[in-house]
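Structure file data.txt (compact mmCIF, C-alpha atoms) is printed below.
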# COMPACT_ATOMS: atom_id res chain seq x y z
CA MET A 1368 63.08 122.81 152.69
CA ALA A 1369 65.90 120.44 151.86
CA SER A 1370 68.52 121.70 149.48
CA THR A 1371 68.94 119.82 146.20
CA ASP A 1372 72.49 121.10 145.79
CA PRO A 1373 74.79 118.07 145.94
CA ARG A 1374 77.51 120.23 147.46
CA SER A 1375 77.69 121.08 151.15
CA PRO A 1376 77.10 124.74 152.18
CA SER A 1377 80.86 125.27 152.33
CA GLY A 1378 81.18 124.33 148.67
CA ALA A 1379 83.05 121.10 149.34
CA PRO A 1380 81.82 117.91 147.67
CA ASN A 1381 79.01 116.23 149.54
CA PRO A 1382 80.47 113.35 151.55
CA ILE A 1383 77.41 111.18 150.97
CA GLU A 1384 77.58 111.61 147.20
CA PRO A 1385 78.96 108.42 145.65
CA PRO A 1386 82.42 108.91 144.17
CA ARG A 1387 82.48 109.29 140.40
CA VAL A 1388 83.67 106.09 138.75
CA ASP A 1389 85.62 106.47 135.53
CA PRO A 1390 84.23 104.29 132.75
CA ASP A 1391 86.18 101.20 131.82
CA PRO A 1392 88.57 102.18 129.00
CA ALA A 1393 87.53 99.00 127.20
CA ASP A 1394 84.06 100.52 126.80
CA PRO A 1395 83.74 102.03 123.30
CA ARG A 1396 81.95 105.04 124.89
CA SER A 1397 84.82 105.84 127.25
CA PRO A 1398 86.84 109.06 126.70
CA VAL A 1399 89.90 107.00 125.72
CA ALA A 1400 87.89 105.17 123.08
CA HIS A 1401 86.42 108.45 121.78
CA ALA A 1402 89.85 110.04 121.43
CA THR A 1403 91.17 106.90 119.77
CA GLU A 1404 88.26 106.81 117.34
CA ARG A 1405 88.99 110.37 116.23
CA ARG A 1406 92.67 109.61 115.70
CA ALA A 1407 91.91 106.31 113.98
CA ARG A 1408 89.48 108.01 111.62
CA ARG A 1409 92.13 110.58 110.72
CA ALA A 1410 94.66 107.79 110.16
CA TYR A 1411 92.16 105.98 107.92
CA GLU A 1412 91.53 109.05 105.77
CA LEU A 1413 95.21 110.00 105.55
CA SER A 1414 96.09 106.49 104.51
CA ARG A 1415 93.42 106.59 101.79
CA ILE A 1416 94.69 109.96 100.56
CA ARG A 1417 98.26 108.64 100.35
CA ARG A 1418 97.05 105.65 98.35
CA ALA A 1419 94.95 107.85 96.10
CA LEU A 1420 97.86 110.16 95.32
CA LEU A 1421 100.00 107.15 94.46
CA ALA A 1422 97.29 105.53 92.35
CA ALA A 1423 96.66 108.77 90.45
CA SER A 1424 100.34 109.33 89.67
CA PRO A 1425 100.14 107.63 86.21
CA VAL A 1426 98.05 110.65 85.15
CA LEU A 1427 101.05 112.87 85.89
CA ALA A 1428 103.26 110.55 83.84
CA LEU A 1429 100.81 110.79 80.92
CA ALA A 1430 100.72 114.56 81.33
CA ALA A 1431 104.52 114.72 81.25
CA ILE A 1432 104.59 112.69 78.04
CA ALA A 1433 101.89 114.89 76.53
CA ALA A 1434 103.77 118.04 77.54
CA LEU A 1435 106.99 116.71 75.99
CA VAL A 1436 105.35 115.74 72.71
CA SER A 1437 102.89 118.61 72.43
CA PRO A 1438 103.98 121.82 70.65
CA SER A 1439 102.19 123.88 73.31
CA PRO A 1440 102.97 122.28 76.70
CA THR A 1441 101.29 125.03 78.75
CA ARG A 1442 97.89 123.97 77.41
CA VAL A 1443 98.40 120.57 78.99
CA VAL A 1444 98.75 121.96 82.53
CA PRO A 1445 95.10 122.73 83.37
CA PHE A 1446 93.95 119.35 82.08
CA ALA A 1447 96.76 117.63 83.97
CA ILE A 1448 95.65 119.29 87.22
CA LEU A 1449 92.01 118.48 86.50
CA SER A 1450 92.69 114.83 85.64
CA PHE A 1451 95.06 114.26 88.55
CA GLY A 1452 92.61 115.87 90.98
CA ALA A 1453 89.69 113.85 89.64
CA ALA A 1454 91.64 110.59 89.75
CA THR A 1455 92.83 111.26 93.31
CA LEU A 1456 89.34 112.14 94.47
CA MET A 1457 87.86 109.03 92.89
CA VAL A 1458 90.44 106.62 94.32
CA TRP A 1459 90.15 108.25 97.76
CA GLN A 1460 86.37 108.06 97.70
CA SER A 1461 85.72 104.34 97.34
CA ARG A 1462 86.79 101.10 95.74
CA SER A 1463 84.10 101.25 93.04
CA MET A 1464 85.18 104.76 92.12
CA SER A 1465 88.79 103.52 92.05
CA ARG A 1466 87.71 101.08 89.36
CA ALA A 1467 86.02 103.96 87.54
CA ALA A 1468 89.29 105.90 87.73
CA LEU A 1469 91.18 102.97 86.23
CA VAL A 1470 88.65 102.55 83.42
CA GLY A 1471 88.65 106.30 82.76
CA MET A 1472 92.43 106.47 82.71
CA LEU A 1473 92.76 103.55 80.31
CA ALA A 1474 89.97 104.83 78.07
CA GLY A 1475 91.51 108.32 78.03
CA VAL A 1476 94.80 106.94 76.75
CA VAL A 1477 93.14 106.20 73.36
CA PRO A 1478 92.32 109.83 72.37
CA LEU A 1479 95.55 110.96 74.01
CA ALA A 1480 97.61 108.57 71.89
CA LEU A 1481 95.66 109.35 68.71
CA SER A 1482 95.98 113.11 69.10
CA LEU A 1483 99.67 112.91 69.99
CA ALA A 1484 100.29 110.62 67.03
CA ALA A 1485 98.44 113.03 64.75
CA ASN A 1486 100.58 115.83 66.09
CA GLN A 1487 103.78 113.85 65.52
CA TRP A 1488 102.88 113.40 61.86
CA HIS A 1489 102.72 117.17 61.59
CA ALA A 1490 99.11 116.96 60.68
CA CYS A 1491 98.62 120.00 62.88
CA GLY A 1492 101.19 122.12 61.07
CA PRO A 1493 104.92 122.65 61.52
CA HIS A 1494 104.53 125.44 64.10
CA GLY A 1495 102.03 123.70 66.33
CA CYS A 1496 98.35 123.21 66.11
CA ALA A 1497 97.32 126.53 67.56
CA SER A 1498 99.04 128.61 64.93
CA HIS A 1499 97.18 126.90 62.13
CA GLY A 1500 93.90 126.30 63.84
CA PHE A 1501 92.60 122.76 63.62
CA SER A 1502 93.54 120.76 60.59
CA SER A 1503 91.34 118.28 58.83
CA PHE A 1504 93.03 115.44 60.73
CA CYS A 1505 93.62 116.57 64.33
CA ALA A 1506 90.08 117.26 65.51
CA PRO A 1507 88.68 114.05 63.95
CA ALA A 1508 91.46 112.14 65.70
CA CYS A 1509 90.26 113.56 68.99
CA ALA A 1510 86.61 112.82 68.18
CA LEU A 1511 87.46 109.30 67.07
CA GLY A 1512 89.53 108.74 70.20
CA GLY A 1513 86.64 110.06 72.30
CA LEU A 1514 84.24 107.68 70.56
CA VAL A 1515 86.46 104.67 71.28
CA ALA A 1516 86.99 105.84 74.88
CA GLY A 1517 83.24 106.31 75.34
CA LEU A 1518 82.55 102.82 74.01
CA GLY A 1519 85.18 101.43 76.39
CA VAL A 1520 83.69 103.22 79.38
CA GLY A 1521 80.18 102.19 78.40
CA VAL A 1522 81.00 98.52 77.89
CA SER A 1523 82.99 98.32 81.11
CA ALA A 1524 80.29 100.06 83.16
CA HIS A 1525 77.54 98.00 81.55
CA ARG A 1526 79.33 94.70 82.25
CA THR A 1527 79.78 95.49 85.91
CA ARG A 1528 76.30 97.04 86.18
CA ALA A 1529 77.96 100.13 87.56
CA SER A 1530 76.10 102.99 89.18
CA ALA A 1531 75.69 106.46 87.67
CA PRO A 1532 78.69 107.93 89.57
CA PHE A 1533 80.87 105.28 87.93
CA TRP A 1534 79.73 106.35 84.44
CA ILE A 1535 80.16 110.02 85.19
CA GLY A 1536 83.52 109.60 86.95
CA ALA A 1537 85.03 107.31 84.32
CA SER A 1538 83.79 109.50 81.46
CA THR A 1539 85.09 112.68 83.08
CA LEU A 1540 88.51 111.18 83.67
CA ALA A 1541 88.65 109.74 80.15
CA TRP A 1542 87.85 113.19 78.83
CA GLY A 1543 90.50 114.83 81.06
CA VAL A 1544 93.22 112.37 80.06
CA GLY A 1545 92.27 112.57 76.39
CA ALA A 1546 92.29 116.36 76.59
CA LEU A 1547 95.98 116.24 77.57
CA GLY A 1548 96.62 115.41 73.92
CA CYS A 1549 93.70 117.22 72.32
CA ALA A 1550 94.44 120.50 74.10
CA CYS A 1551 96.98 121.43 71.45
CA VAL A 1552 94.24 121.36 68.81
CA GLY A 1553 92.38 124.00 70.83
CA ALA A 1554 88.79 124.23 71.97
CA VAL A 1555 87.61 122.36 68.89
CA GLY A 1556 89.78 119.36 69.73
CA VAL A 1557 88.58 119.25 73.33
CA ALA A 1558 84.96 119.72 72.25
CA GLY A 1559 85.35 117.04 69.56
CA LEU A 1560 86.68 114.70 72.22
CA ALA A 1561 83.68 115.41 74.45
CA VAL A 1562 81.22 114.82 71.62
CA GLY A 1563 82.93 111.57 70.63
CA LEU A 1564 82.90 110.41 74.23
CA LEU A 1565 79.20 111.18 74.64
CA VAL A 1566 78.33 109.40 71.42
CA GLY A 1567 80.39 106.38 72.52
CA VAL A 1568 78.79 106.17 75.93
CA MET A 1569 75.25 106.81 74.73
CA PRO A 1570 74.28 103.32 73.40
CA THR A 1571 75.20 101.40 76.56
CA TRP A 1572 73.80 104.18 78.76
CA SER A 1573 70.50 103.97 76.85
CA VAL A 1574 70.35 100.22 77.45
CA ARG A 1575 70.96 100.80 81.15
CA ALA A 1576 68.33 103.52 81.32
CA ALA A 1577 65.82 101.33 79.49
CA ARG A 1578 66.41 98.45 81.92
CA ALA A 1579 66.07 100.74 84.93
CA MET B 713 97.32 80.79 118.13
CA LEU B 714 97.50 84.28 119.48
CA VAL B 715 98.76 83.62 122.96
CA PRO B 716 102.11 82.09 122.04
CA SER B 717 102.67 84.75 119.37
CA VAL B 718 102.26 87.48 121.98
CA GLY B 719 105.02 85.83 123.92
CA VAL B 720 103.71 86.44 127.45
CA THR B 721 101.82 84.49 130.05
CA LEU B 722 98.41 86.03 130.24
CA PRO B 723 97.30 86.88 133.75
CA ASP B 724 94.31 85.09 135.18
CA PRO B 725 91.93 87.34 137.11
CA VAL B 726 91.20 84.77 139.82
CA GLY B 727 94.65 83.28 139.95
CA LEU B 728 93.61 79.86 138.73
CA PRO B 729 95.44 78.08 135.95
CA ARG B 730 93.64 78.42 132.66
CA PRO B 731 93.81 76.10 129.72
CA ALA B 732 95.89 77.36 126.82
CA GLY B 733 93.93 79.45 124.37
CA THR B 734 91.17 80.40 126.81
CA PHE B 735 91.83 84.09 126.50
CA GLU B 736 92.06 83.84 122.74
CA ARG B 737 88.68 82.16 122.61
CA GLU B 738 87.19 84.82 124.87
CA VAL B 739 88.58 87.65 122.79
CA MET B 740 87.48 86.05 119.54
CA THR B 741 83.92 85.54 120.69
CA GLU B 742 83.44 88.42 123.13
CA GLY B 743 79.98 89.92 123.09
CA PRO B 744 76.96 88.95 121.09
CA LEU B 745 78.41 90.09 117.77
CA PRO B 746 78.77 87.24 115.27
CA ARG B 747 82.12 87.17 113.54
CA ALA B 748 80.61 87.29 110.07
CA GLU B 749 79.10 90.69 110.80
CA ILE B 750 82.50 92.18 111.57
CA ASP B 751 83.79 90.66 108.33
CA VAL B 752 81.04 92.38 106.36
CA TRP B 753 81.61 95.73 108.07
CA MET B 754 85.36 95.49 107.61
CA ALA B 755 84.92 94.67 103.92
CA ARG B 756 82.64 97.69 103.53
CA LEU B 757 85.12 99.92 105.31
CA ALA B 758 87.91 98.63 103.08
CA ALA B 759 85.76 99.52 100.08
CA GLY B 760 85.48 103.09 101.35
CA GLU B 761 82.10 103.13 103.10
CA ARG B 762 82.70 105.55 105.95
CA GLU B 763 79.25 104.92 107.48
CA VAL B 764 80.46 101.67 109.04
CA PHE B 765 83.57 103.20 110.60
CA THR B 766 82.01 103.60 114.04
CA LEU B 767 80.51 100.10 113.89
CA VAL B 768 83.90 98.58 113.09
CA PHE B 769 85.59 100.66 115.76
CA GLU B 770 83.06 99.76 118.44
CA ALA B 771 83.28 96.09 117.53
CA LEU B 772 87.07 95.97 117.60
CA TRP B 773 87.97 98.34 120.43
CA PRO B 774 86.92 96.13 123.40
CA ARG B 775 88.69 93.14 121.90
CA VAL B 776 91.87 95.01 121.02
CA PHE B 777 91.90 96.75 124.40
CA GLY B 778 91.27 93.44 126.16
CA LEU B 779 94.18 91.83 124.36
CA CYS B 780 96.51 94.73 125.23
CA ARG B 781 95.35 94.78 128.84
CA ALA B 782 95.99 91.05 129.19
CA THR B 783 99.40 91.40 127.56
CA LEU B 784 100.62 94.51 129.37
CA GLY B 785 98.86 94.11 132.69
CA ASN B 786 97.73 97.69 133.27
CA ASP B 787 95.20 100.05 131.75
CA ALA B 788 97.53 102.95 131.01
CA ASP B 789 99.96 100.94 128.90
CA ALA B 790 97.07 98.99 127.39
CA ALA B 791 95.34 102.22 126.32
CA ASP B 792 98.49 103.46 124.59
CA ALA B 793 99.11 100.17 122.84
CA ALA B 794 95.45 99.74 121.88
CA GLN B 795 95.41 103.26 120.47
CA GLN B 796 98.46 102.53 118.35
CA ALA B 797 96.94 99.23 117.26
CA MET B 798 93.64 100.83 116.23
CA MET B 799 95.46 103.48 114.24
CA LYS B 800 97.55 100.85 112.45
CA LEU B 801 94.40 98.84 111.80
CA MET B 802 92.58 101.75 110.26
CA GLU B 803 95.61 102.76 108.23
CA ARG B 804 95.66 99.28 106.78
CA ALA B 805 91.90 98.89 106.48
CA ALA B 806 92.07 99.34 102.71
CA ASP B 807 94.41 96.30 102.55
CA TYR B 808 91.87 94.06 104.22
CA ASP B 809 91.13 90.99 102.13
CA PRO B 810 87.36 90.30 102.38
CA SER B 811 87.91 86.58 101.81
CA ARG B 812 89.62 86.37 105.21
CA ALA B 813 88.10 86.68 108.68
CA ALA B 814 88.45 90.24 109.98
CA LEU B 815 88.90 89.52 113.67
CA PRO B 816 92.01 87.34 113.51
CA TRP B 817 93.50 89.81 111.04
CA ALA B 818 92.79 92.73 113.39
CA LEU B 819 93.97 90.89 116.49
CA ALA B 820 97.20 89.84 114.80
CA ILE B 821 97.98 93.52 114.19
CA ALA B 822 96.98 94.39 117.75
CA ALA B 823 99.09 91.55 119.18
CA TRP B 824 102.10 92.85 117.31
CA GLU B 825 101.56 96.34 118.75
CA CYS B 826 101.12 94.97 122.27
CA ARG B 827 104.27 92.94 121.95
CA SER B 828 106.18 95.99 120.72
CA ALA B 829 104.88 98.00 123.70
CA LEU B 830 105.91 95.20 126.05
CA ARG B 831 109.39 95.13 124.54
CA ARG B 832 109.71 98.92 124.83
CA ARG B 833 108.65 98.77 128.46
CA THR B 834 111.12 96.00 129.28
CA ARG B 835 113.91 97.93 127.60
CA SER B 836 113.11 101.18 129.43
CA ARG B 837 113.11 99.27 132.74
CA GLU B 838 116.50 97.82 131.94
CA VAL B 839 117.85 101.31 131.20
CA ALA B 840 116.18 102.77 134.32
CA SER B 841 117.62 100.06 136.56
CA SER B 842 121.14 100.71 135.23
CA GLU B 843 120.89 104.51 135.63
CA PRO B 844 121.03 104.75 139.46
CA GLU B 845 124.28 102.77 139.50
CA GLU B 846 125.78 105.05 136.87
CA SER B 847 124.64 108.26 138.54
CA ALA B 848 125.92 107.06 141.89
CA SER B 849 129.32 106.24 140.51
CA HIS B 850 129.73 109.20 138.14
CA SER B 851 128.20 112.07 140.09
CA PRO B 852 129.52 112.62 143.60
CA THR B 853 127.22 115.64 143.90
CA SER B 854 124.10 113.53 143.55
CA VAL B 855 121.02 114.91 145.32
CA ASP B 856 120.49 111.53 146.85
CA GLY B 857 122.80 111.82 149.84
CA ALA B 858 122.51 108.21 150.90
CA ARG B 859 123.44 107.02 147.45
CA THR B 860 126.45 109.37 147.36
CA LEU B 861 127.64 108.07 150.72
CA GLU B 862 127.17 104.54 149.50
CA ALA B 863 129.22 105.31 146.40
CA ASN B 864 131.98 106.79 148.51
CA ASP B 865 131.95 103.81 150.83
CA PRO B 866 135.09 101.68 150.09
CA GLU B 867 133.15 98.44 150.32
CA SER B 868 130.56 99.66 147.80
CA GLU B 869 133.35 100.85 145.58
CA LEU B 870 134.87 97.36 145.62
CA VAL B 871 131.51 95.81 144.76
CA ARG B 872 131.05 98.31 141.97
CA ARG B 873 134.50 97.61 140.55
CA ASP B 874 133.81 93.90 140.70
CA LEU B 875 130.55 94.38 138.81
CA VAL B 876 132.26 96.54 136.19
CA GLN B 877 134.99 93.92 135.80
CA ARG B 878 132.40 91.17 135.36
CA ALA B 879 130.52 93.27 132.81
CA LEU B 880 133.76 93.88 130.92
CA ASP B 881 134.59 90.16 131.00
CA ALA B 882 131.14 89.41 129.60
CA MET B 883 131.62 92.10 126.97
CA ASN B 884 134.90 90.47 125.94
CA GLU B 885 132.94 87.34 125.09
CA LEU B 886 131.06 89.28 122.42
CA SER B 887 132.04 90.01 118.85
CA ASP B 888 133.32 93.43 117.74
CA VAL B 889 130.00 94.16 116.07
CA ASP B 890 128.07 93.39 119.27
CA ARG B 891 130.42 95.53 121.35
CA ALA B 892 130.09 98.43 118.91
CA THR B 893 126.32 98.07 118.97
CA LEU B 894 126.18 98.12 122.78
CA ALA B 895 128.54 101.09 122.90
CA ALA B 896 126.29 102.91 120.43
CA THR B 897 123.27 102.04 122.55
CA PHE B 898 124.50 102.94 126.00
CA PHE B 899 127.22 105.53 125.37
CA ASP B 900 125.86 107.29 122.27
CA GLU B 901 128.87 106.21 120.25
CA PRO B 902 128.56 106.71 116.48
CA THR B 903 127.54 103.63 114.53
CA GLU B 904 127.40 102.71 110.89
CA VAL B 905 123.82 101.44 111.05
CA VAL B 906 120.63 103.11 112.27
CA GLY B 907 116.92 102.46 112.60
CA ALA B 908 115.53 98.95 112.42
CA THR B 909 118.93 97.37 111.71
CA LEU B 910 120.41 98.97 114.84
CA ARG B 911 117.42 97.87 116.89
CA LYS B 912 117.75 94.27 115.71
CA ARG B 913 121.48 94.25 116.32
CA ARG B 914 120.92 95.75 119.78
CA GLU B 915 118.39 93.08 120.70
CA ARG B 916 120.74 90.32 119.56
CA ALA B 917 123.73 91.88 121.32
CA ILE B 918 121.82 92.21 124.59
CA ASP B 919 120.67 88.60 124.29
CA ARG B 920 124.24 87.45 123.75
CA LEU B 921 125.46 89.60 126.65
CA ARG B 922 122.86 88.01 128.89
CA ALA B 923 123.93 84.57 127.73
CA ALA B 924 127.59 85.44 128.41
CA VAL B 925 126.81 86.68 131.96
CA ARG B 926 124.79 83.55 132.58
CA ARG B 927 127.58 81.34 131.29
CA LEU B 928 130.30 83.11 133.28
CA TYR B 929 128.49 83.74 136.55
CA GLY B 930 125.36 81.68 136.36
CA LEU B 931 123.02 84.68 136.74
CA ASP B 932 121.30 87.39 134.66
Exercise: express the given structure as structure tokens:
Amino acid sequence: MASTDPRSPSGAPNPIEPPRVDPDPADPRSPVAHATERRARRAYELSRIRRALLAASPVLALAAIAALVSPSPTRVVPFAILSFGAATLMVWQSRSMSRAALVGMLAGVVPLALSLAANQWHACGPHGCASHGFSSFCAPACALGGLVAGLGVGVSAHRTRASAPFWIGASTLAWGVGALGCACVGAVGVAGLAVGLLVGVMPTWSVRAARA
Amino acid sequence: MLVPSVGVTLPDPVGLPRPAGTFEREVMTEGPLPRAEIDVWMARLAAGEREVFTLVFEALWPRVFGLCRATLGNDADAADAAQQAMMKLMERAADYDPSRAALPWALAIAAWECRSALRRRTRSREVASSEPEESASHSPTSVDGARTLEANDPESELVRRDLVQRALDAMNELSDVDRATLAATFFDEPTEVVGATLRKRRERAIDRLRAAVRRLYGLD
């Protein structure tokens, strides 16, 4: 019975076997092309991450301002990390989410500015907001800021007929940036901001849901 | 036009003269893929849709590799240059302007990489061709016995001295900046500039040195 082993009995390559031809490197399925694709993909992702970190850096600037103005800078830190991480992730992910990050950042500046302004007027008490709990002015400032931010996010998303991730991403970032200022009011300030944001987003979201 | 920007005469596989721009046309229209499709994929990739990465890569790789192969003349150098080009392309994918055609944009980046590789190769050949002369003249204990004998030969020594004298004469035609740049390049002398500025100065100094040799002796 004939052997199907391509090698000769001595183990040497069969002389009648055709020599193996390396694929043309220009072929996208060649080993060179495969290795290049892996490296190119890594280069693509690294480049996007670098851009995302750069694009998200304004959040750090806002956090620095908030920490300088706020009577309790340590409360700003977790929200700064959260906002910076969210913004980086969104910009890295896609162009539409980059737009959501921009909208969220801009919308978040409203409650941030309102809460910091309220704090500057000593509405939160001379020894910082935390020591006096929330005053009659600070928490409403956060809620009002959240409402305006929510309306901004809603209108922007509605105009561009954005998808659900856009709404969620922009709202989350607006909340994170706003919380940089509202953190000094405490949990009530941050919760007030969230409620205001939800109320602001709700009308345009309802219209979208009704159309869908 | 890509061909003139690459700065080389593209080889013809059958040795027949080809009309200008033939290769460019072939690269631009290679395969059955319509250009508009690449534009759409590239725009999607720029927007962050990773699903089209492989499609874009597979559409561009043969064209980029073909351009590098035609520019550099061998597969090994072409693979290196094409790899660099693809990495640059993907790094800059987010910059891609969807209103422009993707293929010329990609091939312009690839052509730049190929040209850089060609320049690097030319430079390394120049350095390699000058090394044997140096090693023969500076190291009497060279492993290459024939070369050592040649260096010790009085006639060769005279020729060498004549060449050195001619090189020095040509160097005297250059400005102080050019001389300092060449000294920094070939003798590791310290220099006040580094990086791209040094590279540009080096290229210009070498060009002027060539011109001086040509002017003085009528040869390169």
7 Å contacts from chain A to chain B using only C-alpha atoms, as a ChimeraX atom specification: /A:1393-1395,1403-1404,1406-1407,1410-1411,1414,1460-1462
Nearest to A:Val1562 by atom-to-atom distance, counting all atoms listed in the file, from A:Leu1483, A:Ala1506, A:Met1464, A:Ala1447: A:Ala1506
Long-range neighbours of A:Gly1543 as an MDAnalysis selection string, 12 Å cut-off, only C-alpha atoms, 5 positions minimum in chain: chainID A and resid 1426:1427 1429:1430 1443:1454 1468 1471:1479 1513 1516 1536:1538 1548:1550 1557:1558 1560:1561 1564
Test item: residues at most 8 Å from A:Ala1419, all atoms listed in the file, excluding those fewer than 6 positions along its chain, as a PyMOL selection string: chain A and resi 1454-1459
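Coordinates place atom CA of B:Ala818 at a distance of 21.1 Å from atom CA of B:Asn786.
Shortest atom-to-atom contact with A:Thr1571 among A:Leu1518, A:Gly1553, A:Gly1559, A:Pro1532: A:Leu1518, counting all atoms listed in the file.
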